[in-house]
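Notes follow the structure.
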Amino acid sequence: MKKLLFLLTLIAMALMFGPTGCGCGDDDDDDNGNPSIDDDDADDDADDDADDDVNDDADDDIAWEWIPVEGSMCRDGSATGVAIRRKTDSDKLVIFMQDGGACYSESSCGSNRSSYGESDMIEYASGFLSGGIFDDTNAANPVADWNVAFIPYCTGDVHLGSQANATVSGVEGFQQYMGHENIKLMAPVIAGEFTGMTQAALMGTSAGSFGSYMAYPVIADEFPGIDMALVADSGPYVDDDTALAPCYQLLLRFQWNVDPAIPDECADCTQADGDGISNMLLWLAETYPDAYFGLFSSVEDATIREYWSLGYQDCTEEIDMIPAEDFTNGLIDMRDNFLMPTGQWSTYFIGGDTHGILPYDETDEDHASFYNTTADDTAFTDWLANILDGGAPLNVGP
């Protein structure tokens with residue numbers, strides 16, 4: 001019942017007001033042009049020294065550096081930035097967009113990070129940012145010797161929002177859904193730190209995957225002359241309305257104000273009933289005909305099925321997660337009839353209901369293993385390497 005009331009409330013707000021935009025520059029802004037918030041300590045992270053290495057004892061090739069990004073904003077209004085790891089002899093760059101759930105209700109916001117500063121970077125550098133694609137000691141890693149830029153996730157909007165001072169029932173204070181606005185600020189900072197690159201790849205897991213499609217044109221524009229690859233991990237915008245309901249798409253578009261993140265040229269991406277976000281994948285292939293793209297997913301991803309459950313039966317029936325069969329059918333249909341005909345998309349689908357692979361070393365009940373996953377006699381790392389090498393599209397799995 002709570003889910004249904006939440007949906008009805010959002011529908012009413014959408015019909016009355018529509019998206020209100022990022023709110024930048026209104027009368028409630030502070031001296032830096034940021035929307036006013038209640039927390040006087042919101043900008044504490046902005047004073048971090050951009051030149052400090054996260055690990056001062058590490059040599060220059062493996063030390064993570066924290067770069068504050070002026071004007072950036074997490075969900076609680078605090079400033080954030082990007083983390084980078086340089087390889088002095090490399091002219092290749094991975095840009096990774098972090099995962100972390102979503103915030104649109106009391107329960108979902110409660111488990112979603114609302115801030116990310118340098119202290120969080122220090123904690124992650126020894127844990128999360130040492131496995132999978134971040135492991136620069138494993139020869140099986142296709143990007144072991146690449147530079148890395150890490151885009152943290154602290155906005156609750158899967159990196160897509162342009163909505164300041166939003167409210168969520170049961171959640172204290174205003175929510176700053178500024179994920180897309182952050183991407184626009186971070187892209188030139190990353191490009192400025194990594195000049196002279198000859199190859200680049202944008203990758204994202206979960207929330208980072210869903211946001212990567214819209215971030216791609218923003219970031220690609222900062223690296224002219226490079227056919228940047230895209231690898232989306234566990235973020236499939238399927239075209240099947242039974243799995244990804246148009247009403248659910250519409251609700252989140254209004255809650256986070258997603259439309260500014262979608263290129264004006266992709267007219268089919270924002271249809272009146274909320275449908276169309278899957279067309280972004282086709283638009284990318286058409287707009288960047290020399291680039292190559294990849295999508296990984298398990299065929300019964302339990303995490304995505306839970307989030308998409310709000311849209312079940314046209315947002316009228318409350319369930320814990322959409323049926324596995326609906327998700328699987330949508331995923332396979334997307335591959336066979338949507339992505340493969342482009343001649344640019346590779347897919348790697350595995351059995352089970354795990355969620356995420358790029359940053360994970362060990363196999364557990366929640367995640368797939370970056371180094372130990374094989375399907376159809378093809379190792380995941382080989383599939384990834386094929387995309388980065390510009391090989392013919394390779395579709396692995398059921």
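Numbering starts fresh at 1 for the residues of each chain in the structure tokens, the chains themselves are lettered A, B, ... in the order given, and ligands are numbered from 1 as they appear.
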Practice item. Name all residues at most 7 Å from stretch 290-299 of chain A (count only C-alpha atoms; drop same-chain ones fewer than 3 positions away) and give them as an MDAnalysis selection string. Key: chainID A and resid 227:234 328 344:355 387 390
Spatial neighbours of stretch 72-87 of chain A, max dist 7 Å, only C-alpha atoms, sep filter under 3 positions, as an mmCIF file with N, CA and C atoms, in the first residue's frame:
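And here's part-v7.cif as it stands now:
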```
data_model
loop_
_atom_site.group_PDB
_atom_site.id
_atom_site.type_symbol
_atom_site.label_atom_id
_atom_site.label_comp_id
_atom_site.auth_asym_id
_atom_site.auth_seq_id
_atom_site.Cartn_x
_atom_site.Cartn_y
_atom_site.Cartn_z
ATOM 1 N N ILE A 37 20.788 24.809 1.743
ATOM 2 C CA ILE A 37 20.430 23.608 2.470
ATOM 3 C C ILE A 37 20.565 23.897 3.947
ATOM 4 N N ALA A 42 27.872 21.490 4.941
ATOM 5 C CA ALA A 42 27.733 20.784 3.675
ATOM 6 C C ALA A 42 28.945 20.909 2.796
ATOM 7 N N ASP A 43 29.672 22.006 2.900
ATOM 8 C CA ASP A 43 30.777 22.219 1.990
ATOM 9 C C ASP A 43 32.133 21.866 2.603
ATOM 10 N N ASP A 45 33.866 19.200 2.571
ATOM 11 C CA ASP A 45 34.782 18.453 1.720
ATOM 12 C C ASP A 45 35.411 19.317 0.643
ATOM 13 N N ALA A 46 34.826 20.485 0.376
ATOM 14 C CA ALA A 46 35.321 21.307 -0.717
ATOM 15 C C ALA A 46 36.697 21.878 -0.423
ATOM 16 N N ASP A 61 52.573 5.698 -9.669
ATOM 17 C CA ASP A 61 51.768 4.959 -10.611
ATOM 18 C C ASP A 61 50.509 4.353 -9.992
ATOM 19 N N ILE A 62 50.452 4.186 -8.681
ATOM 20 C CA ILE A 62 49.306 3.511 -8.104
ATOM 21 C C ILE A 62 48.558 4.359 -7.076
ATOM 22 N N ALA A 63 49.036 5.550 -6.759
ATOM 23 C CA ALA A 63 48.383 6.369 -5.746
ATOM 24 C C ALA A 63 47.097 6.998 -6.302
ATOM 25 N N TRP A 64 46.042 6.931 -5.511
ATOM 26 C CA TRP A 64 44.809 7.607 -5.867
ATOM 27 C C TRP A 64 44.873 9.061 -5.411
ATOM 28 N N GLU A 65 44.414 9.964 -6.248
ATOM 29 C CA GLU A 65 44.356 11.383 -5.926
ATOM 30 C C GLU A 65 42.901 11.839 -5.912
ATOM 31 N N TRP A 66 42.567 12.691 -4.967
ATOM 32 C CA TRP A 66 41.213 13.242 -4.875
ATOM 33 C C TRP A 66 41.211 14.648 -5.465
ATOM 34 N N ILE A 67 40.325 14.868 -6.433
ATOM 35 C CA ILE A 67 40.217 16.160 -7.101
ATOM 36 C C ILE A 67 38.833 16.746 -6.810
ATOM 37 N N PRO A 68 38.727 17.732 -5.916
ATOM 38 C CA PRO A 68 37.418 18.376 -5.690
ATOM 39 C C PRO A 68 36.923 19.029 -6.984
ATOM 40 N N VAL A 69 35.636 18.975 -7.214
ATOM 41 C CA VAL A 69 35.044 19.577 -8.413
ATOM 42 C C VAL A 69 34.131 20.713 -7.973
ATOM 43 N N SER A 90 51.094 5.495 -19.764
ATOM 44 C CA SER A 90 49.884 5.083 -20.477
ATOM 45 C C SER A 90 49.174 6.262 -21.109
ATOM 46 N N SER A 114 24.469 9.509 0.651
ATOM 47 C CA SER A 114 24.055 10.889 0.387
ATOM 48 C C SER A 114 25.227 11.861 0.327
ATOM 49 N N SER A 115 26.451 11.375 0.542
ATOM 50 C CA SER A 115 27.625 12.240 0.454
ATOM 51 C C SER A 115 28.837 11.405 0.055
ATOM 52 N N TYR A 116 29.835 12.069 -0.501
ATOM 53 C CA TYR A 116 31.071 11.368 -0.869
ATOM 54 C C TYR A 116 32.190 12.395 -0.967
ATOM 55 N N GLY A 117 33.135 12.311 -0.018
ATOM 56 C CA GLY A 117 34.269 13.222 -0.007
ATOM 57 C C GLY A 117 35.586 12.477 -0.009
ATOM 58 N N ASP A 145 46.901 -1.624 -17.084
ATOM 59 C CA ASP A 145 47.901 -0.562 -17.251
ATOM 60 C C ASP A 145 47.290 0.745 -17.748
ATOM 61 N N TRP A 146 45.980 0.917 -17.588
ATOM 62 C CA TRP A 146 45.307 2.138 -18.021
ATOM 63 C C TRP A 146 45.224 3.129 -16.856
ATOM 64 N N ASN A 147 45.183 4.404 -17.177
ATOM 65 C CA ASN A 147 44.815 5.420 -16.203
ATOM 66 C C ASN A 147 43.352 5.212 -15.806
ATOM 67 N N VAL A 148 42.979 5.683 -14.617
ATOM 68 C CA VAL A 148 41.604 5.519 -14.154
ATOM 69 C C VAL A 148 41.085 6.831 -13.574
ATOM 70 N N ALA A 149 39.861 7.169 -13.948
ATOM 71 C CA ALA A 149 39.118 8.259 -13.298
ATOM 72 C C ALA A 149 37.859 7.657 -12.707
ATOM 73 N N PHE A 150 37.634 7.906 -11.431
ATOM 74 C CA PHE A 150 36.513 7.323 -10.689
ATOM 75 C C PHE A 150 35.506 8.413 -10.351
ATOM 76 N N ILE A 151 34.268 8.249 -10.838
ATOM 77 C CA ILE A 151 33.191 9.187 -10.555
ATOM 78 C C ILE A 151 32.327 8.603 -9.446
ATOM 79 N N PRO A 152 32.378 9.175 -8.247
ATOM 80 C CA PRO A 152 31.592 8.635 -7.133
ATOM 81 C C PRO A 152 30.106 8.890 -7.324
ATOM 82 N N CYS A 154 26.664 9.791 -5.238
ATOM 83 C CA CYS A 154 26.117 10.267 -3.970
ATOM 84 C C CYS A 154 24.849 11.087 -4.161
ATOM 85 N N THR A 155 24.192 10.940 -5.323
ATOM 86 C CA THR A 155 23.036 11.773 -5.633
ATOM 87 C C THR A 155 21.711 11.018 -5.638
ATOM 88 N N GLY A 156 21.735 9.701 -5.576
ATOM 89 C CA GLY A 156 20.509 8.924 -5.479
ATOM 90 C C GLY A 156 19.662 8.891 -6.723
ATOM 91 N N GLN A 175 16.433 17.011 -0.969
ATOM 92 C CA GLN A 175 17.307 16.088 -1.672
ATOM 93 C C GLN A 175 17.806 16.767 -2.945
ATOM 94 N N GLN A 176 19.125 16.773 -3.111
ATOM 95 C CA GLN A 176 19.720 17.397 -4.286
ATOM 96 C C GLN A 176 20.025 16.319 -5.333
ATOM 97 N N TYR A 177 19.092 16.133 -6.248
ATOM 98 C CA TYR A 177 19.278 15.140 -7.317
ATOM 99 C C TYR A 177 20.044 15.806 -8.466
ATOM 100 N N MET A 178 21.351 15.853 -8.346
ATOM 101 C CA MET A 178 22.164 16.628 -9.282
ATOM 102 C C MET A 178 23.192 15.770 -10.011
ATOM 103 N N ASN A 182 26.429 17.095 -12.092
ATOM 104 C CA ASN A 182 27.784 16.741 -11.669
ATOM 105 C C ASN A 182 28.611 16.195 -12.821
ATOM 106 N N LEU A 185 30.030 18.859 -14.881
ATOM 107 C CA LEU A 185 31.141 19.555 -14.236
ATOM 108 C C LEU A 185 32.395 18.683 -14.183
#
```
Review point. What are the DSSP helix (DSSP H, G or I) residues of stretch 129-360 of chain A, as number ranges by chain?
Key: A: 129-130, 132-134, 179-193, 207-220, 246-256, 259-261, 267-269, 279-287, 302-315, 324-342
Point to revise | Using only C-alpha atoms: which of A:Ser206, A:Asn112, A:Thr198, A:Asn386 has the shortest distance to A:Ile357 | key: A:Ser206
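The gap separating atom CA of A:Gly356 from atom CA of A:Thr342 is 24.5 Å, in Å to one decimal.
A straight line drawn from atom CA of A:Met197 to atom CA of A:Gly391 is 20.1 Å long.
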Point to revise | DSSP strand (DSSP E or B) selection over stretch 181-322 of chain A, as a ChimeraX atom specification | key: /A:199-205,229-233,293-298
Write the selection just made, keeping N, CA and C atoms, as a PDB file, in the first residue's frame?
```pdb
ATOM      1  N   GLN A 199      43.078   6.458 -26.308  1.00  0.00           N
ATOM      2  CA  GLN A 199      41.980   5.509 -26.143  1.00  0.00           C
ATOM      3  C   GLN A 199      41.307   5.759 -24.805  1.00  0.00           C
ATOM      4  N   ALA A 200      39.973   5.637 -24.788  1.00  0.00           N
ATOM      5  CA  ALA A 200      39.215   5.843 -23.557  1.00  0.00           C
ATOM      6  C   ALA A 200      38.017   4.912 -23.542  1.00  0.00           C
ATOM      7  N   ALA A 201      37.591   4.552 -22.334  1.00  0.00           N
ATOM      8  CA  ALA A 201      36.411   3.708 -22.165  1.00  0.00           C
ATOM      9  C   ALA A 201      35.628   4.197 -20.965  1.00  0.00           C
ATOM     10  N   LEU A 202      34.333   4.384 -21.142  1.00  0.00           N
ATOM     11  CA  LEU A 202      33.432   4.730 -20.046  1.00  0.00           C
ATOM     12  C   LEU A 202      32.778   3.446 -19.562  1.00  0.00           C
ATOM     13  N   MET A 203      32.868   3.181 -18.249  1.00  0.00           N
ATOM     14  CA  MET A 203      32.274   1.985 -17.671  1.00  0.00           C
ATOM     15  C   MET A 203      31.466   2.368 -16.443  1.00  0.00           C
ATOM     16  N   GLY A 204      30.432   1.589 -16.155  1.00  0.00           N
ATOM     17  CA  GLY A 204      29.635   1.845 -14.963  1.00  0.00           C
ATOM     18  C   GLY A 204      28.945   0.589 -14.505  1.00  0.00           C
ATOM     19  N   THR A 205      28.739   0.476 -13.191  1.00  0.00           N
ATOM     20  CA  THR A 205      28.044  -0.670 -12.608  1.00  0.00           C
ATOM     21  C   THR A 205      26.754  -0.204 -11.948  1.00  0.00           C
ATOM     22  N   ALA A 229      34.856   3.725 -25.999  1.00  0.00           N
ATOM     23  CA  ALA A 229      34.013   2.556 -25.771  1.00  0.00           C
ATOM     24  C   ALA A 229      33.091   2.808 -24.584  1.00  0.00           C
ATOM     25  N   LEU A 230      32.009   2.044 -24.510  1.00  0.00           N
ATOM     26  CA  LEU A 230      31.087   2.092 -23.379  1.00  0.00           C
ATOM     27  C   LEU A 230      30.811   0.667 -22.928  1.00  0.00           C
ATOM     28  N   VAL A 231      30.980   0.401 -21.636  1.00  0.00           N
ATOM     29  CA  VAL A 231      30.679  -0.915 -21.077  1.00  0.00           C
ATOM     30  C   VAL A 231      29.730  -0.714 -19.900  1.00  0.00           C
ATOM     31  N   ALA A 232      28.482  -1.137 -20.078  1.00  0.00           N
ATOM     32  CA  ALA A 232      27.436  -0.980 -19.071  1.00  0.00           C
ATOM     33  C   ALA A 232      27.260  -2.298 -18.328  1.00  0.00           C
ATOM     34  N   ASP A 233      27.445  -2.258 -17.019  1.00  0.00           N
ATOM     35  CA  ASP A 233      27.397  -3.452 -16.174  1.00  0.00           C
ATOM     36  C   ASP A 233      26.145  -3.430 -15.310  1.00  0.00           C
ATOM     37  N   PHE A 293      30.127  -0.761 -28.047  1.00  0.00           N
ATOM     38  CA  PHE A 293      29.426  -0.737 -26.782  1.00  0.00           C
ATOM     39  C   PHE A 293      29.211  -2.158 -26.265  1.00  0.00           C
ATOM     40  N   GLY A 294      29.152  -2.297 -24.945  1.00  0.00           N
ATOM     41  CA  GLY A 294      28.936  -3.612 -24.353  1.00  0.00           C
ATOM     42  C   GLY A 294      27.983  -3.548 -23.177  1.00  0.00           C
ATOM     43  N   LEU A 295      27.191  -4.609 -22.998  1.00  0.00           N
ATOM     44  CA  LEU A 295      26.241  -4.702 -21.892  1.00  0.00           C
ATOM     45  C   LEU A 295      26.372  -6.062 -21.220  1.00  0.00           C
ATOM     46  N   PHE A 296      26.573  -6.045 -19.890  1.00  0.00           N
ATOM     47  CA  PHE A 296      26.609  -7.274 -19.096  1.00  0.00           C
ATOM     48  C   PHE A 296      25.377  -7.327 -18.203  1.00  0.00           C
ATOM     49  N   SER A 297      24.831  -8.541 -18.014  1.00  0.00           N
ATOM     50  CA  SER A 297      23.731  -8.725 -17.077  1.00  0.00           C
ATOM     51  C   SER A 297      23.572 -10.201 -16.765  1.00  0.00           C
ATOM     52  N   SER A 298      23.081 -10.503 -15.564  1.00  0.00           N
ATOM     53  CA  SER A 298      22.553 -11.838 -15.305  1.00  0.00           C
ATOM     54  C   SER A 298      21.120 -11.858 -15.811  1.00  0.00           C
TER      55      SER A 298
END
```
Point to revise | Among the residues A:Leu160, A:Asn141, A:Glu123, A:Met340, the one that comes closest to A:Met97 [using only C-alpha atoms] | key: A:Leu160
